[in-house]
>>> print(open('structure-v3.cif').read())   # mmCIF, C-alpha atoms
data_work
#
loop_
_atom_site.label_atom_id
_atom_site.label_comp_id
_atom_site.auth_asym_id
_atom_site.auth_seq_id
_atom_site.Cartn_x
_atom_site.Cartn_y
_atom_site.Cartn_z
CA MET M 10 139.09 160.41 140.23
CA VAL M 11 142.17 158.41 139.26
CA LEU M 12 143.38 156.42 142.20
CA PHE M 13 146.21 154.62 140.52
CA VAL M 14 148.58 154.67 137.56
CA ILE M 15 150.31 151.85 135.81
CA CYS M 16 154.07 152.08 135.37
CA TRP M 17 157.00 150.04 134.18
CA ILE M 18 159.25 149.67 137.19
CA GLY M 19 162.17 147.32 137.34
CA SER M 20 161.26 144.17 135.48
CA GLY M 21 157.61 144.76 134.73
CA LEU M 22 154.39 146.72 134.97
CA VAL M 23 153.04 147.60 138.39
CA VAL M 24 150.08 149.50 139.72
CA ILE M 25 151.02 152.54 141.78
CA TYR M 26 148.28 153.67 144.10
CA PHE M 27 147.78 157.16 145.42
CA PHE M 28 146.45 158.30 148.74
CA ARG M 29 147.89 155.22 150.47
CA PHE M 30 145.20 153.19 148.74
CA VAL M 31 146.74 149.76 148.70
CA VAL M 32 145.75 146.20 148.14
CA GLY M 33 146.65 143.73 150.85
CA SER M 34 147.61 144.08 154.46
CA ARG M 35 149.63 146.91 155.99
CA THR M 36 152.71 144.74 155.82
CA SER M 37 152.17 143.65 152.24
CA ARG M 38 155.17 143.93 149.94
CA TYR M 39 152.87 145.57 147.39
CA ARG M 40 151.75 148.19 149.87
CA GLN M 41 153.48 151.14 148.24
CA LYS M 42 153.53 150.27 144.55
CA GLY M 43 150.65 147.85 144.22
CA PRO M 44 150.72 144.35 142.75
CA PRO M 45 152.55 143.53 139.51
CA ILE M 46 150.29 143.05 136.50
CA PRO M 47 150.49 139.62 134.87
CA VAL M 48 151.76 139.66 131.30
CA VAL M 49 148.67 137.80 130.08
CA VAL M 50 146.49 140.67 131.30
CA VAL M 51 148.49 143.22 129.35
CA VAL M 52 148.96 141.19 126.20
CA VAL M 53 145.63 139.39 125.94
CA ILE M 54 142.89 140.78 128.14
CA TRP M 55 143.52 144.51 127.80
CA PRO M 56 143.56 144.52 123.99
CA ILE M 57 140.35 142.49 123.96
CA VAL M 58 138.65 144.84 126.39
CA VAL M 59 139.85 147.91 124.51
CA LEU M 60 138.86 146.51 121.10
CA PHE M 61 135.48 145.40 122.42
CA GLY M 62 134.94 148.84 123.89
CA ILE M 63 135.82 150.55 120.62
CA CYS M 64 133.54 148.20 118.68
CA MET M 65 130.63 148.75 121.04
CA LEU M 66 131.16 152.48 120.91
CA ALA M 67 131.24 152.36 117.12
CA ALA M 68 128.22 150.08 117.08
CA SER M 69 126.31 152.57 119.17
CA ILE M 70 127.05 155.25 116.57
CA TYR M 71 126.85 153.45 113.23
CA THR M 72 123.56 151.79 112.39
CA LYS M 73 125.11 149.16 110.13
CA TRP M 74 127.54 148.05 112.81
CA ARG M 75 124.79 148.00 115.43
CA ARG M 76 122.70 145.81 113.19
CA TRP M 77 125.65 143.47 112.67
CA VAL M 78 126.26 143.15 116.43
CA LEU M 79 122.60 142.65 117.27
CA ARG M 80 122.05 139.98 114.64
CA ARG M 81 124.99 137.94 115.91
CA ASN M 82 124.07 138.29 119.54
CA PRO M 83 123.90 134.72 120.92
CA LEU M 84 121.24 135.90 123.38
CA ASN M 85 118.90 136.33 120.41
CA TRP M 86 118.93 132.59 119.85
CA LEU M 87 118.23 131.91 123.55
CA ASP M 88 115.54 134.56 123.63
CA ASP M 89 113.95 132.98 120.59
CA ARG M 90 113.88 129.47 122.05
CA VAL M 91 112.65 130.54 125.49
CA GLY M 92 109.97 132.67 123.82
CA ARG M 93 108.64 129.65 121.97
CA LEU M 94 108.08 127.84 125.28
CA PHE M 95 105.68 130.53 126.49
CA LYS M 96 104.02 131.46 123.21
CA ARG M 97 100.27 132.08 122.94
CA LYS M 98 98.31 130.95 119.92
CA ILE M 99 96.22 133.69 118.32
CA HIS M 100 94.92 132.16 115.12
CA GLU M 101 95.39 129.07 112.98
CA ASP M 102 94.43 128.24 109.43
CA LYS M 103 95.84 126.31 106.48
CA PHE M 104 98.49 128.97 105.89
CA GLY M 105 100.08 128.68 109.33
CA ILE M 106 99.73 129.46 113.01
CA LEU M 107 99.98 132.98 114.40
CA TYR M 108 101.58 133.20 117.84
CA GLU M 109 102.21 135.99 120.29
CA MET M 110 105.61 135.67 121.89
CA PRO M 111 106.20 136.87 125.45
CA SER M 112 108.29 140.01 125.50
CA PRO M 113 108.87 142.79 128.02
CA TRP M 114 109.47 145.23 125.17
CA GLY M 115 106.09 145.05 123.53
CA LYS M 116 103.88 142.79 121.46
CA ILE M 117 105.84 140.40 119.24
CA LEU M 118 103.99 138.24 116.75
CA LYS M 119 105.40 135.36 114.76
CA VAL M 120 103.68 133.17 112.25
CA LYS M 121 104.72 129.54 112.11
CA VAL M 122 104.79 128.31 108.54
CA LYS M 123 105.37 124.74 107.43
CA ASP M 124 107.16 124.45 104.15
CA THR M 125 108.44 121.58 102.03
CA THR M 126 111.85 122.25 103.54
CA GLY M 127 110.86 122.65 107.18
CA THR M 128 109.20 124.93 109.69
CA TYR M 129 109.83 128.67 109.76
CA TRP M 130 109.01 131.29 112.38
CA LEU M 131 108.42 134.58 110.61
CA PRO M 132 108.21 137.80 112.64
CA VAL M 133 105.28 139.94 111.49
CA PRO M 134 103.83 143.30 112.57
CA ALA M 135 101.91 143.42 115.83
CA THR M 136 98.76 144.52 114.01
CA MET M 137 98.21 141.08 112.48
CA THR M 138 95.22 139.11 113.75
CA ARG M 139 94.97 136.12 111.40
CA ALA M 140 97.53 133.63 110.14
CA LYS M 141 96.65 134.15 106.48
CA GLN M 142 96.91 137.91 106.92
CA ALA M 143 100.38 137.46 108.43
CA VAL M 144 101.63 135.13 105.71
CA ALA M 145 100.19 137.43 103.04
CA TRP M 146 102.08 140.34 104.60
CA THR M 147 105.36 138.47 104.22
CA TYR M 148 104.67 138.32 100.47
CA GLN M 149 103.64 141.98 100.42
CA LYS M 150 100.01 141.15 99.71
CA SER M 151 96.77 141.87 101.49
CA GLU M 152 94.79 139.03 103.01
CA ASP M 153 92.17 139.11 100.29
CA GLY M 154 94.73 139.42 97.53
CA PHE M 155 96.75 136.42 98.62
CA ASN M 156 95.55 133.17 97.10
CA PRO M 157 98.44 131.02 95.85
CA ILE M 158 97.20 128.28 93.56
CA ARG M 159 100.40 126.26 93.80
CA ARG M 160 103.08 125.94 96.43
CA ALA M 161 106.28 124.14 95.54
CA MET V 23 92.77 137.87 90.60
CA ASN V 24 96.21 137.10 89.25
CA GLU V 25 97.53 133.59 89.61
CA GLN V 26 100.13 133.26 92.35
CA TYR V 27 102.77 130.56 92.59
CA LEU V 28 105.01 130.06 95.60
CA GLN V 29 108.37 128.40 95.84
CA GLY V 30 109.86 128.84 99.28
CA ASP V 31 110.47 132.52 99.86
CA LEU V 32 109.57 133.51 96.29
CA MET V 33 106.20 134.39 94.85
CA PHE V 34 105.53 134.54 91.13
CA GLU V 35 102.40 136.50 90.31
CA LYS V 36 101.19 136.08 86.79
CA TYR V 37 99.91 138.98 84.75
CA ASP V 38 98.17 138.36 81.45
CA GLU V 39 98.86 141.91 80.47
CA ILE V 40 101.14 144.42 82.06
CA ASN V 41 99.87 147.94 82.47
CA SER V 42 102.87 149.78 81.15
CA PRO V 43 105.08 147.57 78.99
CA ASN V 44 107.28 150.51 78.06
CA GLU V 45 108.42 150.65 81.65
CA TYR V 46 110.18 147.32 81.20
CA LEU V 47 111.38 147.69 77.64
CA ARG V 48 114.56 149.45 78.67
CA TYR V 49 115.59 146.41 80.65
CA LYS V 50 115.09 144.03 77.78
CA THR V 51 118.60 144.42 76.49
CA ASP V 52 120.14 143.75 79.89
CA THR V 53 118.72 140.61 81.44
CA ASP V 54 119.87 139.08 84.70
CA GLY V 55 120.76 135.53 83.78
CA ASP V 56 118.78 132.60 85.10
CA ILE V 57 119.14 132.83 88.89
CA VAL V 58 116.06 134.40 90.39
CA ALA V 59 117.29 134.46 93.99
CA ARG V 60 120.16 133.09 95.98
CA GLY V 61 119.95 132.07 99.64
CA GLU V 62 122.13 134.23 101.86
CA LYS V 63 122.73 131.48 104.41
CA THR V 64 122.55 128.25 102.45
CA GLY V 65 123.69 129.45 99.04
CA HIS V 66 120.82 127.54 97.44
CA LYS V 67 119.48 129.05 94.26
CA HIS V 68 116.10 129.48 92.61
CA ARG V 69 117.17 128.88 89.03
CA LEU V 70 115.22 128.95 85.78
CA VAL V 71 115.81 125.88 83.66
CA GLY V 72 114.61 125.28 80.12
CA GLY V 73 112.24 127.29 78.01
CA ILE V 74 112.74 130.82 76.82
CA PHE V 75 112.56 133.65 79.29
CA LYS V 76 113.87 137.07 80.16
CA LEU V 77 114.58 137.87 83.77
CA PHE V 78 114.75 141.45 85.00
CA LEU V 79 115.72 141.52 88.65
CA ARG V 80 116.83 145.14 88.67
CA SER V 81 113.48 146.46 87.57
CA SER V 82 111.01 147.56 90.16
CA PRO V 83 109.27 145.25 90.75
CA PRO V 84 111.47 142.38 89.49
CA MET V 85 109.81 140.82 86.45
CA LEU V 86 110.02 137.58 84.53
CA PHE V 87 108.88 137.33 80.92
CA VAL V 88 108.31 133.70 80.00
CA GLU V 89 108.03 133.17 76.26
CA GLU V 90 108.18 129.38 76.40
CA ASP V 91 107.29 127.26 79.44
CA THR V 92 110.12 127.13 81.95
CA VAL V 93 110.79 125.51 85.31
CA VAL V 94 112.04 127.10 88.52
CA THR V 95 114.34 124.69 90.31
CA HIS V 96 115.76 124.74 93.80
CA GLU V 97 118.01 122.41 95.79
CA GLN V 98 115.35 121.84 98.45
CA HIS V 99 111.99 122.71 96.94
CA PRO V 100 110.09 120.76 94.29
CA PRO V 101 110.33 122.25 90.79
CA LEU V 102 107.76 124.86 89.82
CA SER V 103 106.70 125.05 86.20
CA LEU V 104 105.68 128.41 84.79
CA GLU V 105 103.64 128.84 81.66
CA LYS V 106 104.02 131.55 79.09
CA GLY V 107 103.24 134.93 80.57
CA VAL V 108 104.53 137.87 82.53
CA TYR V 109 105.33 137.31 86.18
CA LYS V 110 106.02 139.71 88.98
CA ILE V 111 108.56 138.31 91.43
CA THR V 112 108.21 139.01 95.14
CA ARG V 113 110.64 137.88 97.82
CA GLN V 114 109.29 137.00 101.22
CA ARG V 115 109.99 139.51 103.95
CA VAL V 116 109.93 139.43 107.73
CA LEU V 117 109.85 142.06 110.43
CA ASP V 118 113.27 142.95 111.78
CA TYR V 119 112.93 143.61 115.49
CA ASP V 120 116.63 144.45 115.71
CA ASP V 121 116.32 147.26 113.20
CA GLU V 122 113.56 149.46 114.54
CA HIS V 123 110.86 147.10 113.29
CA GLN V 124 111.68 147.57 109.61
CA ALA V 125 110.80 144.85 107.13
CA LYS V 126 113.72 142.96 105.67
CA ILE V 127 114.14 140.25 103.07
CA MET V 128 113.95 136.85 104.65
CA GLU V 129 117.35 135.15 104.82
CA ASP V 130 117.05 131.74 103.27
#
>>> encode(input="structure-v3.cif", output="structure tokens")
Amino acid sequence: MVLFVICWIGSGLVVIYFFRFVVGSRTSRYRQKGPPIPVVVVVVIWPIVVLFGICMLAASIYTKWRRWVLRRNPLNWLDDRVGRLFKRKIHEDKFGILYEMPSPWGKILKVKVKDTTGTYWLPVPATMTRAKQAVAWTYQKSEDGFNPIRRA
Amino acid sequence: MNEQYLQGDLMFEKYDEINSPNEYLRYKTDTDGDIVARGEKTGHKHRLVGGIFKLFLRSSPPMLFVEEDTVVTHEQHPPLSLEKGVYKITRQRVLDYDDEHQAKIMED
């Protein structure tokens, strides 16, 4: 149910309430028409809210947009770092360390790999049980078929 | 077992003989330069330097025919020398939890 409308009255936008639904006391000067809306709300905040809404709606429909939004979600970074604090080691060998990350949405496994350029956390399927198996999966190989003779 | 060489997110798997050479012949007139892979985030490149080679990235799987020893260079990784032979190129992948648990190419 719409309880108010927004109109241009006099020198600016105001909120007009119906059903004597007013903000403020009974003697408030905004009792009948409601408070004036600041220009910054109209010019800055409303367009942002509307654009954000349209983008989220579109992102819920289009897979590519959804992927784009999810990948740039800053909460992912936080989730990643917090997850590392409570990780559980599953298996370790010369190829890396397989960890289970805490998650309310299901089993998440990541293998920690040390490279010449740094340390990488690679998400792998939840069916992995050994570090070598997980690293081999990232190179599309089976555990037995993965035996690199040189690593640069 | 075929010899496997790793450089970062790339794996070169050497084949002494390929099963169906005709499959790759059609690509031989249209090679893909000397850049094997380019990092999406850093812009760093796995580049072939020296030697004689033919790189076919658009074939499935991507293949590298080395006719004379060549070296794979990278801004961050040590150089990787490859002897004469046929190599299958594999890029490292990771699981994408944001995309219904599909595998995706690792972003370097």
>>> interface_residues(input="structure-v3.cif", of="chain V", to="chain M", cutoff="12 Å", atoms="all atoms listed in the file", output="ChimeraX atom specification")
/V:23-36,68,83,93-104,110-130
>>> axis_aligned_box(input="structure-v3.cif", around="region 104-111 of chain V", padding_each_side="3 Å", output="AutoDock Vina command-line options")
--center_x 105.9 --center_y 134.1 --center_z 85.3 --size_x 11.3 --size_y 17.3 --size_z 18.3
>>> residues_near_point(input="structure-v3.cif", point="(96.6, 131.7, 105.1)", cutoff="7 Å", atoms="only C-alpha atoms", output="ChimeraX atom specification")
/M:102-105,140-142,144
>>> residues_around(input="structure-v3.cif", residues="Cys16 (chain M)", least_positions_apart="4", cutoff="10 Å", atoms="all atoms listed in the file", output="ChimeraX atom specification")
/M:21-25,42,45-46
>>> residues_around(input="structure-v3.cif", residues="Val91 (chain M)", least_positions_apart="4", cutoff="12 Å", atoms="all atoms listed in the file", output="MDAnalysis selection string")
chainID M and resid 84:87 95:96 110:112
>>> atom_distance(input="structure-v3.cif", atom1="CA of Met137 (chain M)", atom2="CA of Ile99 (chain M)")
9.6 Å
>>> atom_distance(input="structure-v3.cif", atom1="CA of Pro113 (chain M)", atom2="CA of Gly62 (chain M)")
27.1 Å
>>> atom_distance(input="structure-v3.cif", atom1="CA of Asp91 (chain V)", atom2="CA of Phe78 (chain V)")
17.0 Å
>>> residues_around(input="structure-v3.cif", residues="Trp74 (chain M)", least_positions_apart="5", cutoff="9 Å", atoms="all atoms listed in the file", output="PyMOL selection string")
chain M and resi 64-65+67-69+79
>>> residues_around(input="structure-v3.cif", residues="Val58 (chain V)", least_positions_apart="2", cutoff="8 Å", atoms="only C-alpha atoms", output="MDAnalysis selection string")
chainID V and resid 56 60 67:70 77 79
